[in-house]
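Reading through the structure tokens given below for one structure.
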Amino acid sequence: MKRFIEILYDENRPLNERIFILMAATIFAVMTAMLAFAYLMHEDAVDLATIAGCVAVFSVVVLLGIYYGRINLAATIIAVIVILILLPVTFFTGGGILSGSPIWFIFCTLFINLAVEGKRKPVLIAMCGISAAICYAAAFRYPGLVAAHSMSTAYIESLFSVLIVGILLSFMYGFEIMVLKRAMDQSMEKSRKIEALNQSQNRFFSSMSHEIRTPINTIIGLNEIILREDISKEVAENAQNIQSASKILLSVINDILDMSKIESGKMEIVPVSYDVRSMIDDMINMTWNRAREKGLEFGVDIDPSIPARLFADEIRIRQILINLLNNAIKYTQEGSILLSVHCRRSEPGKAIVTYTVDDTGMGIKKENIPFLFNAYQRLDEEKNKYIEGTGLGLSIVKQLVDLMGGEISVHSVYTKGTTFAVTIEQEIVDETVIGKVAPENMRLSRIGNPYRQHFEAPEARVLIVDDNSANLLVATKLLRQTKVETVTAQSAKECLELTMKSYYHVILMDHMMPEMDGIECLHAIRDQAGGLCREVPVVVVTANAGSENQALYRREGFDDYLVKPLDAADLEHVLYSLLPKELVTVMDEEDEEQYEANQIIYQMRKRVPLLVTTESAADLPAELTERLGIPVIPYTVHTDTGIFTDGQESESTMLLNFIQDTGMTAKSMAPTVADYEDFFAQHLTQAQHIVHISMGKRISKGFTNANEAALSFYNVRVIDSGHLSSGMGLLALAAHEYAGENQANPQQAEELIAQKRDRIHTSFMPGSTLFLYRAGLIPGAAHRCFRALRLHPVLVVRESTLKLGGIMTGSMAHARDTYIRNTFRTTYDIDTRSLFITYAGMKRSDLEEIKDKVLSIVSFDEVYFQKASSAVAVNCGPQTFGFIFARK
């Protein structure tokens with residue numbers, strides 16, 4: 001008995017073995033009761049001997065199975081004995097169909113489904129069905145084989161069987177539900193611990209970023225002051241080398257922090273207009289000296305036809321090039337490094353820029369190239385053990401290139417050298433070409449062309465708040481030549497005292513300060529009774545450089561954002577944009593035009609009246625959402641090997657193939673409340689109002705999380721689409737079109753969705769119910785029933801709920817044909833302008849066949865094949881397809 005209990009509550013054992021032990025104990029008690037019942041009912045000796053023999057054999061098989069650890073074999077043997085001996089004997093001796101025997105045939109099938117695993121399961125189920133068919137046929141053909149019983153005995157036996165089978169089923173399914181609930185509780189607890197660990201890790205990285213960037217800010221800032229002075233060429237070059245070394249140190253820190261963001265799916269691409277020549281100049285300034293110290297030649301080949309200004313994420317392009325150049329220098333002992341930048345026009349207003357880094361270093365073995373971009377891994381470790389580095393650079397490069405929609409390739413000959421080529425499409429801001437570039441002039445540009453003052457504002461007053469005196473010194477000196485009057489405060493308390501006494505035109509506020517941080521201080525300034533700076537622009541100055549932090553600062557109410565170490569040009573530009581124009585005198589007309597142009601562009605971007613957003617599960621083509629300007633927040637796919645961002649790090653077909661090959665589990669998760677808050681905060685810089693189209697509220701937690709996040713904003717409205725996949729996508733497109741044509745407000749957009757929601761048809765037929773069961777969309781019993789009987793469910797979306805729309809029988813091909821006929825049975829009210837066939841893990845030939853069959857019934861103008869997103873695909877599995885269309 002002790003061994004029984006140990007196995008029953010051993011959570012490491014397979015569920016079928018634990019259920020078998022429970023059923024074994026229960027059936028043993030039941031069979032003993034049956035033996036007593038047969039004796040009391042004065043059954044003949046054959047019945048008693050049969051039942052007694054089965055009890056004895058049953059007990060021996062169970063005990064041996066437990067003793068030798070062969071529980072699955074024991075369950076198989078018992079099933080065979082029951083199918084071939086016990087059920088036929090009790091059927092004929094107990095009164096045939098008038099007794100309780102038919103109920104035991106059903107119970108036997110359920111027992112096999114729950115207690116037996118492997119290929120033997122379908123064989124045993126078939127045997128049970130054949131045994132029942134033979135018994136029924138024999139009883140019908142030869143009635144004399146069935147023992148005669150009085151009606152009262154038949155009723156009693158039937159009632160006894162119903163009660164016993166009911167008790168057994170209650171035990172079985174009650175135990176299974178208990179086990180699954182306990183596993184779910186453990187999984188949720190593990191998820192909470194992982195989330196707490198992630199938050200702890202994020203706090204650590206944030207603190208580390210602040211602690212390291214603060215001294216670097218001092219070094220770079222004061223060094224910038226030296227470069228502005230009238231100094232000798234030697235001192236200027238030394239200062240330039242200090243600047244370069246500091247920036248390289250900063251790039252190493254950024255690698256570590258960025259890898260943590262990428263792994264958690266938080267990395268975002270933020271495109272800006274940037275000066276190409278200036279960026280290339282910085283690349284050379286940051287790496288030329290390191291190459292020279294190793295005795296390497298540093299060459300530059302810049303295409304003179306490159307546009308002077310492009311629109312892309314300059315910070316990430318810099319990061320990619322710095323990593324590739326640093327890598328080339330590290331692994332090259334002699335020879336040369338060559339940076340090449342070339343450009344070709346892809347379409348009007350766009351250019352494809354190719355950045356190439358060649359070196360004559362040690363090269364990469366051919367067999368190592370597939371692992372080149374793996375994080376935390378260094379190839380040829382024995383040969384490279386004395387080379388510094390984190391092992392993250394190339395992994396970050398690959399993932400950044402992918403996030404920007406670019407491509408990276410590598411060509412290498414071992415011991416001869418390596419070539420990395422990165423191609424990124426970018427928008428053209430200024431068609432003026434950069435012309436011929438001389439690398440020597442670029443290298444010395446900062447020395448020959450020192451800091452140039454852009455504006456003066458002697459009557460402007462700026463309050464700088466930071467708990468670090470070195471940071472206050474750097475900011476004050478960087479603003480010295482603008483003649484701005486600067487006042488400093490070393491705590492939030494001191495800042496609040498100053499704002500009570502004096503008025504300032506701009507406040508520069510450090511984020512992380514003791515006692516009261518920058519965010520709390522900002523709110524205190526805004527709510528300060530009698531304060532003189534309640535409406536003054538406040539700029540946060542912080543070491544937390546991530547885009548998710550930018551969203552936080554925008555949401556909290558900061559007017560702008562500066563990253564440590566402070567860049568003099570960025571600092572002056574932010575001040576110019578926020579200071580009253582009557583206080584500012586621009587030193588150069590060209591600068592004034594550029595500043596004004598940037599301000600106009602910034603303001604224009606902010607003034608979109610209504611922005612429609614949606615989720616990656618809307619299954620809209622990325623090209624379409626980008627062209628229409630519909631921001632999409634991605635779901636995540638959680639697997640045994642990690643967490644992947646839908647549409648960015650996972651593709652549905654590859655993911656489904658991987659799941660099938662490895663047998664791992666996967667489930668899709670809606671963005672968290674914090675994810676939605678960051679998403680809304682980011683896009684509110686582009687719009688006055690946001691209308692977010694979410695998945696049906698009873699299908700996913702997306703609607704609930706988005707709705708909770710929207711409470712933090714007065715101008716965000718979340719609308720339940722009532723659908724999933726392309727059904728949700730159609731409503732998002734309709735809302736976007738209506739908003740663009742009619743300058744609609746959020747209320748009108750919601751009314752439009754309400755009108756169209758019930759006219760959208762969304763249904764699909766999964767290839768297997770296994771994925772639906774794993775996703776928790778159908779119960780385990782339903783899954784086993786569908787699989788055992790070869791049934792194919794059709795699921796439809798109605799009133800934000802996934803419902804059973806029908807059950808198809810027969811082969812997959814026959815089920816598909818039936819699904820098509822049933823879906824398009826009535827055609828008079830179908831809007832024939834477009835049909836979406838959304839699919840997962842299907843061949844193109846099968847899709848074309850489905851399309852032809854649909855068009856033979858309804859003549860749609862356009863039929864679109866849309867591959868389901870990973871978030872949808874992992875819930876329905878391969879060989880799944882569905883129809884999404886509108887009704888008139």
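Each chain of the structure tokens is named A, B, ... in the order shown, its residues numbered from 1; ligands are numbered from 1 in display order.
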
Could you name the residues that touch region 150-164 of chain A at 6 Å or less, counting only C-alpha atoms, but leaving out those on the same chain fewer than 6 positions away, as a PDB file with N, CA, C and O atoms, in the first residue's frame?
```
ATOM      1  N   LEU A  98     -29.023  -6.474 -22.134  1.00  0.00           N
ATOM      2  CA  LEU A  98     -29.960  -6.095 -21.083  1.00  0.00           C
ATOM      3  C   LEU A  98     -29.257  -5.919 -19.740  1.00  0.00           C
ATOM      4  O   LEU A  98     -29.867  -5.451 -18.779  1.00  0.00           O
ATOM      5  N   SER A  99     -27.958  -6.302 -19.665  1.00  0.00           N
ATOM      6  CA  SER A  99     -27.202  -6.164 -18.426  1.00  0.00           C
ATOM      7  C   SER A  99     -26.375  -4.878 -18.482  1.00  0.00           C
ATOM      8  O   SER A  99     -26.538  -4.053 -19.374  1.00  0.00           O
ATOM      9  N   GLY A 100     -25.450  -4.774 -17.534  1.00  0.00           N
ATOM     10  CA  GLY A 100     -24.576  -3.608 -17.521  1.00  0.00           C
ATOM     11  C   GLY A 100     -23.315  -3.783 -18.343  1.00  0.00           C
ATOM     12  O   GLY A 100     -22.434  -2.900 -18.346  1.00  0.00           O
TER      13      GLY A 100
END
```

Report the distance between CA of Ile837 (chain A) and CA of Gly882 (chain A) in Å, rounded to one decimal place.
5.7 Å

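Neighbours of region 811-821 of chain A closer than or equal to 10 Å, with only C-alpha atoms counted and sequence neighbours fewer than 4 positions away skipped, come out as A:Ser763, A:Phe764, A:Met765, A:Gly767, A:Ser768, A:Arg790, A:Leu791, A:His792, A:Pro793, A:Val794, A:Gly805, A:Gly806, A:Ile807, A:Arg825, A:Thr826, A:Asp846, A:Ile850, A:Lys851, A:Lys853, A:Val854, A:Ile857, A:Gln879, A:Phe881, A:Gly882, A:Phe883.
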
Non-local contacts of His523 (chain A) (10 Å; only C-alpha atoms; under 4 positions in same chain excluded) as a PDB file with N, CA and C atoms, in the first residue's frame:
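Output file out-v5.pdb is given in full below:
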```pdb
ATOM      1  N   GLY A 518      14.600  61.690  -9.854  1.00  0.00           N
ATOM      2  CA  GLY A 518      14.213  62.730 -10.802  1.00  0.00           C
ATOM      3  C   GLY A 518      12.744  62.718 -11.155  1.00  0.00           C
ATOM      4  N   ILE A 519      12.143  61.529 -11.254  1.00  0.00           N
ATOM      5  CA  ILE A 519      10.722  61.439 -11.600  1.00  0.00           C
ATOM      6  C   ILE A 519       9.861  62.020 -10.477  1.00  0.00           C
ATOM      7  N   ASP A 527       3.443  69.940  -9.037  1.00  0.00           N
ATOM      8  CA  ASP A 527       2.385  70.115  -8.034  1.00  0.00           C
ATOM      9  C   ASP A 527       2.772  71.113  -6.943  1.00  0.00           C
ATOM     10  N   GLN A 528       3.910  71.785  -7.097  1.00  0.00           N
ATOM     11  CA  GLN A 528       4.436  72.655  -6.042  1.00  0.00           C
ATOM     12  C   GLN A 528       3.555  73.903  -5.852  1.00  0.00           C
ATOM     13  N   ARG A 534       6.293  75.549 -12.376  1.00  0.00           N
ATOM     14  CA  ARG A 534       5.348  74.444 -12.573  1.00  0.00           C
ATOM     15  C   ARG A 534       5.150  74.121 -14.045  1.00  0.00           C
ATOM     16  N   GLU A 556       5.866  59.867 -17.908  1.00  0.00           N
ATOM     17  CA  GLU A 556       5.909  60.599 -16.641  1.00  0.00           C
ATOM     18  C   GLU A 556       5.812  62.100 -16.841  1.00  0.00           C
ATOM     19  N   GLY A 557       6.050  62.591 -18.075  1.00  0.00           N
ATOM     20  CA  GLY A 557       5.839  64.007 -18.343  1.00  0.00           C
ATOM     21  C   GLY A 557       7.073  64.825 -18.629  1.00  0.00           C
ATOM     22  N   PHE A 558       8.242  64.185 -18.818  1.00  0.00           N
ATOM     23  CA  PHE A 558       9.439  64.945 -19.181  1.00  0.00           C
ATOM     24  C   PHE A 558       9.297  65.481 -20.605  1.00  0.00           C
TER      25      PHE A 558
END
```

When you look at Asn326 (chain A) with a cut-off of 10 Å (counting only C-alpha atoms), what residues show up, excluding the ones that are within fewer than 2 positions of it in the same chain? I need them as a count of residues only.
16

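Note that CA of Leu110 (chain A) and CA of Leu789 (chain A) are 12.6 Å apart.
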
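The two atoms in question, CA of Gln426 (chain A) and CA of Leu628 (chain A), are spaced 17.4 Å apart.
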
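Minimum distance to Thr432 (chain A) across A:Asp275, A:Glu862, A:Asp678, A:Asp313 (counting only C-alpha atoms) occurs at A:Asp275.
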
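If only C-alpha atoms are the atoms counted, then among A:Arg887, A:His454, A:Lys398, A:Lys483 the closest residue to Asp570 (chain A) is A:His454.
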
As an MDAnalysis selection string, please: the residues near Ser491 (chain A) (cut-off 10 Å, only C-alpha atoms, same-chain neighbours under 4 positions excluded).
chainID A and resid 465:468 495:496 509:510 513:518 521

Those same residues - all heavy atoms - I'd like them written as a compact mmCIF listing (two decimals), in the first residue's frame.
```
# COMPACT_ATOMS: atom_id res chain seq x y z
N VAL A 465 20.25 69.77 -12.13
CA VAL A 465 20.07 69.01 -10.89
C VAL A 465 20.75 67.66 -11.02
O VAL A 465 20.41 66.87 -11.92
CB VAL A 465 18.57 68.82 -10.57
CG1 VAL A 465 18.41 68.18 -9.19
CG2 VAL A 465 17.82 70.13 -10.66
N ASP A 466 21.72 67.36 -10.16
CA ASP A 466 22.43 66.08 -10.18
C ASP A 466 23.12 65.91 -8.83
O ASP A 466 23.68 66.87 -8.29
CB ASP A 466 23.46 66.04 -11.31
CG ASP A 466 23.88 64.63 -11.66
OD1 ASP A 466 24.30 63.89 -10.75
OD2 ASP A 466 23.78 64.26 -12.85
N ASP A 467 23.08 64.69 -8.29
CA ASP A 467 23.72 64.46 -6.99
C ASP A 467 25.23 64.29 -7.12
O ASP A 467 25.94 64.22 -6.12
CB ASP A 467 23.12 63.21 -6.32
CG ASP A 467 23.35 61.95 -7.13
OD1 ASP A 467 23.00 61.96 -8.33
OD2 ASP A 467 23.87 60.97 -6.58
N ASN A 468 25.76 64.23 -8.35
CA ASN A 468 27.19 64.06 -8.58
C ASN A 468 27.79 65.39 -9.02
O ASN A 468 27.41 65.95 -10.05
CB ASN A 468 27.42 62.98 -9.65
CG ASN A 468 28.88 62.64 -9.81
OD1 ASN A 468 29.65 63.45 -10.32
ND2 ASN A 468 29.27 61.45 -9.39
N CYS A 495 16.65 71.44 -5.28
CA CYS A 495 15.98 71.88 -6.51
C CYS A 495 14.63 72.52 -6.18
O CYS A 495 14.30 73.60 -6.69
CB CYS A 495 15.80 70.69 -7.45
SG CYS A 495 14.68 70.99 -8.83
N LEU A 496 13.86 71.88 -5.31
CA LEU A 496 12.54 72.39 -4.97
C LEU A 496 12.64 73.72 -4.22
O LEU A 496 11.79 74.60 -4.37
CB LEU A 496 11.78 71.36 -4.14
CG LEU A 496 11.40 70.06 -4.89
CD1 LEU A 496 10.82 69.03 -3.93
CD2 LEU A 496 10.42 70.36 -6.01
N MET A 509 17.39 67.53 -15.35
CA MET A 509 17.16 66.74 -14.13
C MET A 509 17.77 65.35 -14.24
O MET A 509 17.43 64.57 -15.15
CB MET A 509 15.64 66.61 -13.90
CG MET A 509 15.24 65.79 -12.69
SD MET A 509 15.41 66.71 -11.16
CE MET A 509 14.11 67.94 -11.37
N ASP A 510 18.67 65.01 -13.32
CA ASP A 510 19.19 63.64 -13.25
C ASP A 510 18.07 62.71 -12.78
O ASP A 510 17.22 63.11 -11.98
CB ASP A 510 20.37 63.60 -12.28
CG ASP A 510 21.00 62.22 -12.20
OD1 ASP A 510 21.01 61.51 -13.23
OD2 ASP A 510 21.47 61.85 -11.11
N MET A 513 18.70 59.71 -8.17
CA MET A 513 19.26 60.48 -7.06
C MET A 513 18.75 59.89 -5.75
O MET A 513 17.66 59.31 -5.70
CB MET A 513 18.85 61.95 -7.16
CG MET A 513 19.38 62.68 -8.39
SD MET A 513 18.99 64.45 -8.37
CE MET A 513 17.20 64.41 -8.59
N PRO A 514 19.52 59.99 -4.67
CA PRO A 514 19.06 59.44 -3.38
C PRO A 514 17.88 60.24 -2.82
O PRO A 514 17.64 61.39 -3.21
CB PRO A 514 20.30 59.58 -2.48
CG PRO A 514 21.11 60.67 -3.10
CD PRO A 514 20.86 60.59 -4.58
N GLU A 515 17.16 59.59 -1.92
CA GLU A 515 16.00 60.18 -1.22
C GLU A 515 14.83 60.44 -2.17
O GLU A 515 13.80 59.82 -2.05
CB GLU A 515 16.40 61.47 -0.49
CG GLU A 515 17.43 61.24 0.60
CD GLU A 515 17.81 62.51 1.33
OE1 GLU A 515 17.20 63.57 1.06
OE2 GLU A 515 18.73 62.45 2.15
N MET A 516 14.99 61.35 -3.11
CA MET A 516 13.93 61.62 -4.09
C MET A 516 14.57 61.60 -5.48
O MET A 516 15.49 62.36 -5.76
CB MET A 516 13.29 62.99 -3.82
CG MET A 516 12.17 63.35 -4.81
SD MET A 516 11.53 65.04 -4.59
CE MET A 516 10.68 64.88 -3.02
N ASP A 517 14.07 60.69 -6.36
CA ASP A 517 14.68 60.61 -7.69
C ASP A 517 14.10 61.67 -8.62
O ASP A 517 13.23 62.46 -8.24
CB ASP A 517 14.53 59.20 -8.28
CG ASP A 517 13.09 58.82 -8.57
OD1 ASP A 517 12.24 59.72 -8.74
OD2 ASP A 517 12.80 57.61 -8.65
N GLY A 518 14.60 61.69 -9.85
CA GLY A 518 14.21 62.73 -10.80
C GLY A 518 12.74 62.72 -11.15
O GLY A 518 12.13 63.78 -11.34
N CYS A 521 10.84 64.15 -8.27
CA CYS A 521 11.10 65.59 -8.22
C CYS A 521 10.30 66.33 -9.29
O CYS A 521 9.76 67.41 -9.04
CB CYS A 521 12.59 65.85 -8.39
SG CYS A 521 13.07 67.58 -8.16
```

Compile the contact shell of Lys867 (chain A) as a count of residues only: residues with an atom at most 9 Å away, counting only C-alpha atoms, same-chain residues fewer than 5 positions apart removed.
11

From the set A:Thr641, A:Ile317, A:Ile280, A:Arg526, which residue has the shortest atom-to-atom contact distance to Asp301 (chain A), counting only C-alpha atoms?
A:Ile280
